[in-house]
$ cat target30.tsv   # TSV, C-alpha atoms
chain	number	residue	atom	x	y	z
K	1	MET	CA	-66.57	-54.80	119.70
K	2	THR	CA	-68.97	-52.79	117.60
K	3	TYR	CA	-69.81	-49.40	119.08
K	4	PRO	CA	-71.85	-47.30	118.46
K	5	TRP	CA	-74.41	-50.07	118.97
K	6	LYS	CA	-75.70	-51.43	115.65
K	7	PRO	CA	-78.77	-53.64	115.01
K	8	GLU	CA	-76.77	-56.22	113.04
K	9	PHE	CA	-74.29	-56.60	115.93
K	10	GLU	CA	-77.13	-57.13	118.41
K	11	LYS	CA	-78.70	-59.66	116.03
K	12	ARG	CA	-75.47	-61.63	116.00
K	13	LEU	CA	-75.23	-61.56	119.81
K	14	ARG	CA	-78.85	-62.69	120.12
K	15	LEU	CA	-78.28	-65.67	117.83
K	16	LEU	CA	-75.12	-66.64	119.71
K	17	ALA	CA	-76.96	-66.41	123.05
K	18	ARG	CA	-79.72	-68.64	121.67
K	19	LEU	CA	-77.07	-71.07	120.47
K	20	ALA	CA	-75.55	-71.25	123.94
K	21	MET	CA	-78.96	-72.00	125.47
K	22	ARG	CA	-79.63	-74.75	122.93
K	23	VAL	CA	-76.40	-76.60	123.70
K	24	GLY	CA	-76.59	-76.36	127.49
K	25	GLY	CA	-75.71	-72.78	128.30
K	26	GLY	CA	-71.92	-73.02	128.45
K	27	MET	CA	-70.66	-70.27	130.75
K	28	LEU	CA	-74.25	-68.98	130.99
K	29	ALA	CA	-75.65	-72.24	132.40
K	30	TYR	CA	-77.69	-71.66	135.53
K	31	ARG	CA	-80.03	-73.66	137.73
K	32	PRO	CA	-82.79	-71.33	138.98
K	33	GLN	CA	-83.30	-71.27	142.73
K	34	LYS	CA	-86.89	-72.20	143.48
K	35	LEU	CA	-88.67	-70.12	146.10
K	36	PRO	CA	-90.96	-72.06	148.49
K	37	ALA	CA	-93.60	-69.31	148.52
K	38	GLY	CA	-94.58	-66.20	146.67
K	39	GLY	CA	-94.25	-65.67	142.95
K	40	THR	CA	-96.93	-66.08	140.30
K	41	GLU	CA	-96.44	-69.72	139.27
K	42	MET	CA	-99.15	-72.04	140.65
K	43	THR	CA	-97.53	-75.15	142.08
K	44	GLY	CA	-100.53	-77.02	143.54
K	45	LEU	CA	-103.39	-77.06	146.04
K	46	ARG	CA	-103.57	-77.71	149.77
K	47	ASP	CA	-106.21	-77.73	152.51
K	48	TYR	CA	-107.36	-74.32	153.69
K	49	THR	CA	-105.96	-73.20	157.05
K	50	THR	CA	-106.90	-70.28	159.25
K	51	GLY	CA	-105.23	-67.10	158.08
K	52	ASP	CA	-105.02	-68.01	154.37
K	53	ASP	CA	-105.88	-65.22	151.93
K	54	PRO	CA	-109.48	-65.81	150.69
K	55	LYS	CA	-108.35	-64.70	147.23
K	56	ARG	CA	-106.27	-67.87	147.01
K	57	VAL	CA	-109.15	-70.21	147.69
K	58	ASP	CA	-110.05	-72.19	144.57
K	59	TRP	CA	-113.84	-71.87	144.67
K	60	ASN	CA	-114.35	-74.13	141.63
K	61	ILE	CA	-112.63	-77.00	143.45
K	62	CYS	CA	-114.58	-76.17	146.60
K	63	ALA	CA	-117.90	-76.37	144.74
K	64	ARG	CA	-117.08	-79.80	143.24
K	65	HIS	CA	-115.60	-81.42	146.34
K	66	ASP	CA	-117.37	-79.58	149.15
K	67	GLU	CA	-114.11	-78.69	150.88
K	68	LEU	CA	-111.95	-75.60	151.07
K	69	ARG	CA	-108.77	-75.80	149.00
K	70	THR	CA	-106.13	-73.07	148.69
K	71	ARG	CA	-103.91	-72.46	145.66
K	72	GLU	CA	-100.16	-72.51	146.32
K	73	TYR	CA	-97.76	-70.34	144.35
K	74	GLY	CA	-94.05	-70.48	143.88
K	75	GLY	CA	-91.39	-68.72	141.85
K	76	THR	CA	-87.72	-68.45	141.19
K	77	ALA	CA	-85.18	-66.16	142.79
K	78	VAL	CA	-83.80	-63.23	140.84
K	79	ARG	CA	-80.44	-64.07	139.28
K	80	TYR	CA	-77.68	-61.54	139.90
K	81	ALA	CA	-74.55	-61.60	137.75
K	82	TYR	CA	-71.43	-59.46	138.13
K	83	LEU	CA	-69.14	-59.09	135.14
K	84	LEU	CA	-65.74	-57.81	136.29
K	85	VAL	CA	-63.48	-56.82	133.39
K	86	ASP	CA	-59.72	-56.40	133.65
K	87	GLY	CA	-58.86	-52.73	133.20
K	88	SER	CA	-55.23	-52.85	134.28
K	89	ASN	CA	-52.28	-51.64	132.25
K	90	ALA	CA	-51.59	-55.25	131.20
K	91	VAL	CA	-54.54	-55.24	128.77
K	92	SER	CA	-53.90	-51.75	127.41
K	93	VAL	CA	-50.68	-52.63	125.55
K	94	GLY	CA	-52.36	-53.60	122.27
K	95	LYS	CA	-55.58	-52.33	120.71
K	96	LYS	CA	-56.53	-55.86	119.64
K	97	THR	CA	-56.18	-57.12	123.22
K	98	LEU	CA	-58.36	-54.33	124.56
K	99	GLU	CA	-61.04	-54.93	121.91
K	100	ALA	CA	-60.99	-58.68	122.55
K	101	ILE	CA	-61.57	-58.30	126.28
K	102	ARG	CA	-64.38	-55.78	125.72
K	103	THR	CA	-66.05	-57.94	123.06
K	104	SER	CA	-65.93	-60.97	125.37
K	105	ALA	CA	-67.51	-58.92	128.16
K	106	VAL	CA	-70.30	-57.58	125.94
K	107	MET	CA	-71.08	-61.08	124.64
K	108	LEU	CA	-71.34	-62.45	128.18
K	109	ALA	CA	-73.38	-59.46	129.35
K	110	TYR	CA	-75.84	-59.87	126.49
K	111	GLY	CA	-76.17	-63.61	127.11
K	112	LEU	CA	-76.83	-63.04	130.82
K	113	LEU	CA	-79.40	-60.34	130.08
K	114	TYR	CA	-80.99	-62.63	127.48
K	115	GLY	CA	-81.39	-65.24	130.23
K	116	GLY	CA	-83.17	-62.76	132.51
K	117	ALA	CA	-80.34	-61.92	134.91
K	118	VAL	CA	-79.74	-58.57	136.55
K	119	VAL	CA	-76.25	-57.69	135.35
K	120	ARG	CA	-73.77	-55.32	136.91
K	121	VAL	CA	-70.52	-54.67	135.07
K	122	GLY	CA	-67.34	-53.26	136.53
K	123	THR	CA	-63.67	-52.76	135.69
K	124	PHE	CA	-60.82	-53.58	138.02
K	125	ALA	CA	-57.07	-53.23	138.47
K	126	ARG	CA	-55.81	-52.11	141.87
K	127	THR	CA	-59.24	-50.56	142.48
K	128	LEU	CA	-62.79	-51.44	141.42
K	129	SER	CA	-65.34	-49.38	139.50
K	130	LEU	CA	-68.90	-50.73	139.29
K	131	PHE	CA	-71.51	-49.51	136.81
K	132	PRO	CA	-75.23	-49.36	137.74
K	133	PRO	CA	-77.18	-52.64	137.40
K	134	VAL	CA	-78.88	-53.37	134.08
K	135	MET	CA	-81.84	-55.65	133.28
K	136	GLY	CA	-83.26	-56.54	129.87
K	137	ARG	CA	-81.26	-57.33	126.72
K	138	GLN	CA	-82.55	-54.11	125.12
K	139	ARG	CA	-80.19	-52.26	127.47
K	140	ALA	CA	-77.05	-54.19	126.51
K	141	GLY	CA	-75.95	-51.18	124.48
K	142	ARG	CA	-75.47	-49.25	127.73
K	143	ILE	CA	-72.89	-51.78	128.84
K	144	ALA	CA	-71.06	-51.61	125.51
K	145	LYS	CA	-71.01	-47.81	125.72
K	146	ALA	CA	-69.74	-47.80	129.31
K	147	LEU	CA	-66.90	-50.20	128.47
K	148	ALA	CA	-65.97	-48.29	125.31
K	149	GLN	CA	-65.75	-45.04	127.27
K	150	THR	CA	-63.72	-46.50	130.15
K	151	ALA	CA	-59.98	-46.19	129.61
K	152	PRO	CA	-57.63	-48.79	131.14
K	153	LYS	CA	-56.00	-47.69	134.38
K	154	ASP	CA	-52.28	-47.23	134.75
K	155	GLU	CA	-52.26	-49.76	137.58
K	156	ALA	CA	-51.18	-53.35	138.16
K	157	THR	CA	-53.79	-55.83	139.35
K	158	ASP	CA	-54.37	-56.25	143.09
K	159	PHE	CA	-57.14	-58.82	143.13
K	160	SER	CA	-57.40	-59.18	146.90
K	161	ALA	CA	-58.03	-55.43	147.24
K	162	VAL	CA	-60.59	-55.60	144.41
K	163	VAL	CA	-62.53	-58.41	146.12
K	164	THR	CA	-62.49	-56.56	149.44
K	165	ALA	CA	-63.94	-53.48	147.70
K	166	PHE	CA	-66.54	-55.65	145.94
K	167	LEU	CA	-67.70	-57.35	149.14
K	168	ASN	CA	-67.88	-53.99	150.94
K	169	ARG	CA	-70.60	-52.98	148.47
K	170	ASN	CA	-72.91	-55.61	150.08
K	171	VAL	CA	-74.35	-56.57	146.69
K	172	PRO	CA	-76.70	-59.61	146.49
K	173	VAL	CA	-75.05	-63.01	146.14
K	174	GLY	CA	-74.82	-64.27	142.58
K	175	ASP	CA	-72.45	-65.27	139.78
K	176	VAL	CA	-69.15	-63.44	139.33
K	177	TYR	CA	-67.60	-63.52	135.85
K	178	LEU	CA	-63.94	-62.46	135.70
K	179	VAL	CA	-62.69	-61.45	132.24
K	180	SER	CA	-58.92	-61.04	132.39
K	181	ASP	CA	-55.50	-62.23	131.27
K	182	PHE	CA	-55.01	-63.09	134.97
K	183	PHE	CA	-51.49	-61.77	135.20
K	184	GLY	CA	-50.58	-60.09	138.46
K	185	ALA	CA	-47.62	-59.25	140.64
K	186	ALA	CA	-47.20	-62.85	141.87
K	187	GLU	CA	-45.23	-65.51	140.01
K	188	THR	CA	-48.19	-67.90	140.01
K	189	PHE	CA	-51.91	-67.48	139.44
K	190	ALA	CA	-52.72	-68.97	142.85
K	191	GLY	CA	-50.32	-66.54	144.50
K	192	GLY	CA	-52.09	-63.51	143.06
K	193	TYR	CA	-55.73	-64.63	142.94
K	194	SER	CA	-56.35	-67.49	145.38
K	195	GLU	CA	-57.05	-65.34	148.45
K	196	GLY	CA	-59.62	-63.20	146.62
K	197	LEU	CA	-61.34	-66.21	145.04
K	198	LEU	CA	-61.60	-67.92	148.42
K	199	GLN	CA	-63.22	-64.79	149.89
K	200	LEU	CA	-65.86	-64.84	147.15
K	201	HIS	CA	-66.47	-68.56	147.68
K	202	ARG	CA	-66.94	-68.15	151.43
K	203	LYS	CA	-69.55	-65.46	150.82
K	204	GLY	CA	-71.51	-67.76	148.48
K	205	TYR	CA	-70.59	-66.25	145.10
K	206	ARG	CA	-70.14	-68.60	142.14
K	207	VAL	CA	-67.02	-67.65	140.16
K	208	HIS	CA	-66.40	-68.14	136.43
K	209	LEU	CA	-63.08	-67.39	134.72
K	210	ILE	CA	-62.86	-66.07	131.14
K	211	HIS	CA	-59.14	-66.24	130.38
K	212	LEU	CA	-57.91	-63.90	127.65
K	213	ILE	CA	-54.76	-65.19	125.94
K	214	VAL	CA	-52.59	-63.02	123.68
K	215	PRO	CA	-50.53	-65.35	121.41
K	216	GLU	CA	-47.94	-62.62	120.75
K	217	ASN	CA	-46.98	-62.72	124.43
K	218	ARG	CA	-45.31	-66.07	123.82
K	219	ALA	CA	-42.77	-64.25	121.61
K	220	ASP	CA	-42.29	-67.08	119.09
K	221	GLY	CA	-39.23	-66.48	116.91
K	222	LYS	CA	-38.17	-63.34	118.81
K	223	THR	CA	-34.48	-64.20	119.13
K	224	GLY	CA	-31.59	-61.85	118.49
K	225	ASP	CA	-31.41	-58.16	119.39
K	226	VAL	CA	-34.77	-57.04	120.74
K	227	MET	CA	-36.09	-53.98	122.53
K	228	ILE	CA	-38.06	-54.72	125.72
K	229	THR	CA	-40.65	-52.11	126.71
K	230	ASP	CA	-42.74	-52.39	129.87
K	231	ASN	CA	-46.12	-50.78	130.62
K	232	ARG	CA	-44.44	-47.74	132.18
K	233	GLY	CA	-42.53	-46.96	129.00
K	234	TYR	CA	-39.16	-48.23	130.28
K	235	ARG	CA	-37.07	-49.56	127.39
K	236	MET	CA	-34.06	-51.88	127.40
K	237	ALA	CA	-32.14	-53.48	124.52
K	238	ILE	CA	-31.13	-57.13	125.07
K	239	THR	CA	-29.90	-60.06	123.02
K	240	LEU	CA	-32.34	-62.96	123.31
K	241	THR	CA	-30.94	-66.44	122.65
K	242	GLU	CA	-32.88	-69.60	121.85
K	243	ARG	CA	-32.16	-70.82	125.38
K	244	ASP	CA	-33.49	-67.59	126.90
K	245	LEU	CA	-36.62	-67.75	124.76
K	246	HIS	CA	-37.25	-71.39	125.62
K	247	ALA	CA	-36.94	-70.65	129.35
K	248	TYR	CA	-39.35	-67.71	129.06
K	249	GLN	CA	-41.90	-69.70	127.04
K	250	LYS	CA	-41.78	-72.54	129.54
K	251	LEU	CA	-42.59	-70.12	132.37
K	252	TYR	CA	-45.31	-68.43	130.31
K	253	ASP	CA	-47.00	-71.69	129.29
K	254	GLY	CA	-46.75	-72.95	132.87
K	255	TYR	CA	-48.52	-69.85	134.17
K	256	LEU	CA	-51.38	-70.30	131.66
K	257	GLU	CA	-51.79	-73.95	132.60
K	258	GLY	CA	-51.73	-72.94	136.26
K	259	VAL	CA	-54.89	-70.87	135.76
K	260	LYS	CA	-56.68	-73.79	134.11
K	261	LYS	CA	-55.49	-76.31	136.73
K	262	TYR	CA	-56.59	-74.05	139.59
K	263	SER	CA	-60.04	-73.77	138.00
K	264	THR	CA	-60.32	-77.54	137.58
K	265	ASP	CA	-59.10	-78.28	141.12
K	266	HIS	CA	-61.54	-75.79	142.66
K	267	GLY	CA	-64.57	-76.54	140.48
K	268	LEU	CA	-64.65	-73.15	138.73
K	269	ARG	CA	-66.08	-72.77	135.24
K	270	TYR	CA	-63.26	-71.83	132.90
K	271	THR	CA	-62.87	-70.89	129.26
K	272	ARG	CA	-60.06	-69.51	127.13
K	273	VAL	CA	-60.45	-66.67	124.66
K	274	TRP	CA	-57.74	-66.03	122.06
K	275	ALA	CA	-57.32	-62.31	121.41
K	276	ASN	CA	-56.42	-62.82	117.72
K	277	ALA	CA	-59.51	-64.94	116.93
K	278	PRO	CA	-62.25	-63.70	114.55
K	279	GLU	CA	-65.10	-61.92	116.35
K	280	GLU	CA	-67.58	-64.82	116.06
K	281	THR	CA	-65.05	-67.40	117.29
K	282	LEU	CA	-64.08	-65.07	120.12
K	283	CYS	CA	-67.72	-64.71	121.19
K	284	LEU	CA	-68.26	-68.48	121.10
K	285	ALA	CA	-65.15	-68.99	123.22
K	286	ALA	CA	-66.34	-66.40	125.76
K	287	LEU	CA	-69.56	-68.40	126.08
K	288	GLY	CA	-67.53	-71.56	126.66
K	289	LEU	CA	-68.48	-73.02	123.27
K	290	PRO	CA	-65.43	-74.02	121.18
K	291	ALA	CA	-65.91	-73.23	117.50
K	292	GLY	CA	-64.66	-76.72	116.55
K	293	SER	CA	-67.38	-78.52	118.51
K	294	ALA	CA	-69.55	-80.82	116.39
K	295	ARG	CA	-72.62	-79.61	118.28
K	296	VAL	CA	-71.81	-75.96	117.62
K	297	ASN	CA	-70.69	-75.93	113.98
K	298	PRO	CA	-74.14	-76.42	112.38
K	299	TRP	CA	-75.49	-73.53	114.44
K	300	ALA	CA	-72.44	-71.40	113.72
K	301	GLU	CA	-73.08	-71.89	110.00
K	302	TYR	CA	-76.73	-70.95	110.56
K	303	ILE	CA	-75.70	-67.77	112.41
K	304	THR	CA	-73.33	-66.82	109.60
K	305	LYS	CA	-76.13	-67.19	107.03
K	306	LYS	CA	-78.63	-65.26	109.14
K	307	THR	CA	-76.30	-62.32	109.74
K	308	SER	CA	-74.60	-62.14	106.34
$ encode --input "target30.tsv" --output "C-alpha cells"
Amino acid sequence: MTYPWKPEFEKRLRLLARLAMRVGGGMLAYRPQKLPAGGTEMTGLRDYTTGDDPKRVDWNICARHDELRTREYGGTAVRYAYLLVDGSNAVSVGKKTLEAIRTSAVMLAYGLLYGGAVVRVGTFARTLSLFPPVMGRQRAGRIAKALAQTAPKDEATDFSAVVTAFLNRNVPVGDVYLVSDFFGAAETFAGGYSEGLLQLHRKGYRVHLIHLIVPENRADGKTGDVMITDNRGYRMAITLTERDLHAYQKLYDGYLEGVKKYSTDHGLRYTRVWANAPEETLCLAALGLPAGSARVNPWAEYITKKTS
C-alpha cells in the first residue's frame, strides 16, 4: 500500500474501481434500495389530493388538461459499508502479509467510496476499533493513513466478541466486508466464525469475505530440522518428516477450502487474495476480479498503459 498518499496511486485505484463497475461490480456490486417517497428524482405524476404540497403541482400539465396533477419524487437509500480489517497477531508475522491486507482494504474502501457509499473502516482481533465514517473518494487517503498508523494487536481473533461489539454500536444496516486470513482459535472456520456471521445475518447485514492467503504458510519443502516460532516468540526445534508435512498441509488446505465452502453454502460473496501477488493483481483479486479473466485482461492492459 502506498502511503503517504500519492496521486499516481489514487489514479490506479480509480481506474481499477471503474473496471470493476464495467464488468459487473465484483465484490462492490450493489442493488440500490429504492425509496417510495422523498428524494429528488421525479418518478411520475398522480392526481392531486388534499394536503399535497402546492409546490409539487405541475401547473403546465394543469393548464393543458384542466386538472390538478402532482409530481411524485423518489430516491435511493444511502448505502452504508463497513470494512473490518484483521488486526490480530496472525497478520503481523510478515511485513508482506500486513501490506497485502492493508492494500486490499484500501482498494475496497476506494471502490465503495467511488460508488457513493458511506464507508466506515475498523480493525479487529479480540476487540474492535472503528474509525469515523468517510464519504467521497477524495477522502480515501484518510483511510489509508488510519490503517498505516494502526499497529496489529497482540491478540488472537475472537470473532463472536467482535460482532457483539459491532452490533452494540447500533450502526445503520449495510454491507460488512471482512478482510482477514480467517484463522482463529477453533479448528474449523465454522467453529470460529459461524456464530458471529449468523448474528450479522439476523440483523440484516450483508457479509462479504476477502480471504487473505499467505502461500508460505503451506511450508512447501520445509522438511528436516526446523525452528518453529509462534506469535508470542516461543521457539521450538523439531525434525519435520515428509509424512508430518503432508499431514499439516492436508489440514491447512482443508481449512482454506472450509472458508470457501461455508461462503458458498451460505450465499456469501467470497474472494481470495494471495499475499505474494503483484499490487495490481492483488487489488483485482480484492475486488473479486481474477487477473486471468478474459473480460478483465483488456482493461488491465489499459490500466497499465494509463498509469505507466
$ atom_distance --input "target30.tsv" --atom1 "atom CA of K:Pro152" --atom2 "atom CA of K:Ser88"
5.7 Å
$ closest_residue --input "target30.tsv" --among "K:Ala77, K:Ala117, K:Ala275, K:Leu83" --to "K:Thr97" --atoms "only C-alpha atoms"
K:Ala275
$ residues_around --input "target30.tsv" --residues "stretch 172-181 of chain K" --least-positions-apart "3" --cutoff "10 Å" --atoms "only C-alpha atoms" --output "ChimeraX atom specification"
/K:27-28,30,78-88,90-91,97,101-102,104-105,108-109,117-124,167,169,184,200,203-214,256,259,269-273,286
$ atom_distance --input "target30.tsv" --atom1 "atom CA of K:Leu198" --atom2 "atom CA of K:Ala165"
14.6 Å
$ residues_around --input "target30.tsv" --residues "stretch 43-60 of chain K" --least-positions-apart "5" --cutoff "6 Å" --atoms "only C-alpha atoms" --output "number ranges by chain"
K: 68-73
$ closest_residue --input "target30.tsv" --among "K:Phe159, K:Tyr252, K:Phe131, K:Tyr262" --to "K:Ala185" --atoms "all atoms listed in the file"
K:Phe159
$ closest_residue --input "target30.tsv" --among "K:Leu13, K:Pro4, K:Lys96, K:Thr264" --to "K:Pro278" --atoms "only C-alpha atoms"
K:Lys96
$ closest_residue --input "target30.tsv" --among "K:Met236, K:Pro132, K:Trp274, K:Ala156" --to "K:Pro290" --atoms "only C-alpha atoms"
K:Trp274
$ atom_distance --input "target30.tsv" --atom1 "atom CA of K:Cys283" --atom2 "atom CA of K:Ala186"
29.2 Å
$ residues_near_point --input "target30.tsv" --point "(-69.1, -48.3, 127.8)" --cutoff "10 Å" --atoms "all atoms listed in the file" --output "JSON list (two decimals) with C-alpha atoms, in the frame of the given file"
[["chain", "number", "residue", "atom", "x", "y", "z"],
["K", 3, "TYR", "CA", -69.81, -49.40, 119.08],
["K", 4, "PRO", "CA", -71.85, -47.30, 118.46],
["K", 102, "ARG", "CA", -64.38, -55.78, 125.72],
["K", 106, "VAL", "CA", -70.30, -57.58, 125.94],
["K", 121, "VAL", "CA", -70.52, -54.67, 135.07],
["K", 131, "PHE", "CA", -71.51, -49.51, 136.81],
["K", 140, "ALA", "CA", -77.05, -54.19, 126.51],
["K", 141, "GLY", "CA", -75.95, -51.18, 124.48],
["K", 142, "ARG", "CA", -75.47, -49.25, 127.73],
["K", 143, "ILE", "CA", -72.89, -51.78, 128.84],
["K", 144, "ALA", "CA", -71.06, -51.61, 125.51],
["K", 145, "LYS", "CA", -71.01, -47.81, 125.72],
["K", 146, "ALA", "CA", -69.74, -47.80, 129.31],
["K", 147, "LEU", "CA", -66.90, -50.20, 128.47],
["K", 148, "ALA", "CA", -65.97, -48.29, 125.31],
["K", 149, "GLN", "CA", -65.75, -45.04, 127.27],
["K", 150, "THR", "CA", -63.72, -46.50, 130.15],
["K", 151, "ALA", "CA", -59.98, -46.19, 129.61]]
$ residues_around --input "target30.tsv" --residues "K:His246" --least-positions-apart "5" --cutoff "10 Å" --atoms "all atoms listed in the file" --output "CSV table (one decimal) with C-alpha atoms, in the coordinates of the input"
chain,number,residue,atom,x,y,z
K,218,ARG,CA,-45.3,-66.1,123.8
K,219,ALA,CA,-42.8,-64.2,121.6
K,220,ASP,CA,-42.3,-67.1,119.1
K,241,THR,CA,-30.9,-66.4,122.6
K,251,LEU,CA,-42.6,-70.1,132.4
K,252,TYR,CA,-45.3,-68.4,130.3
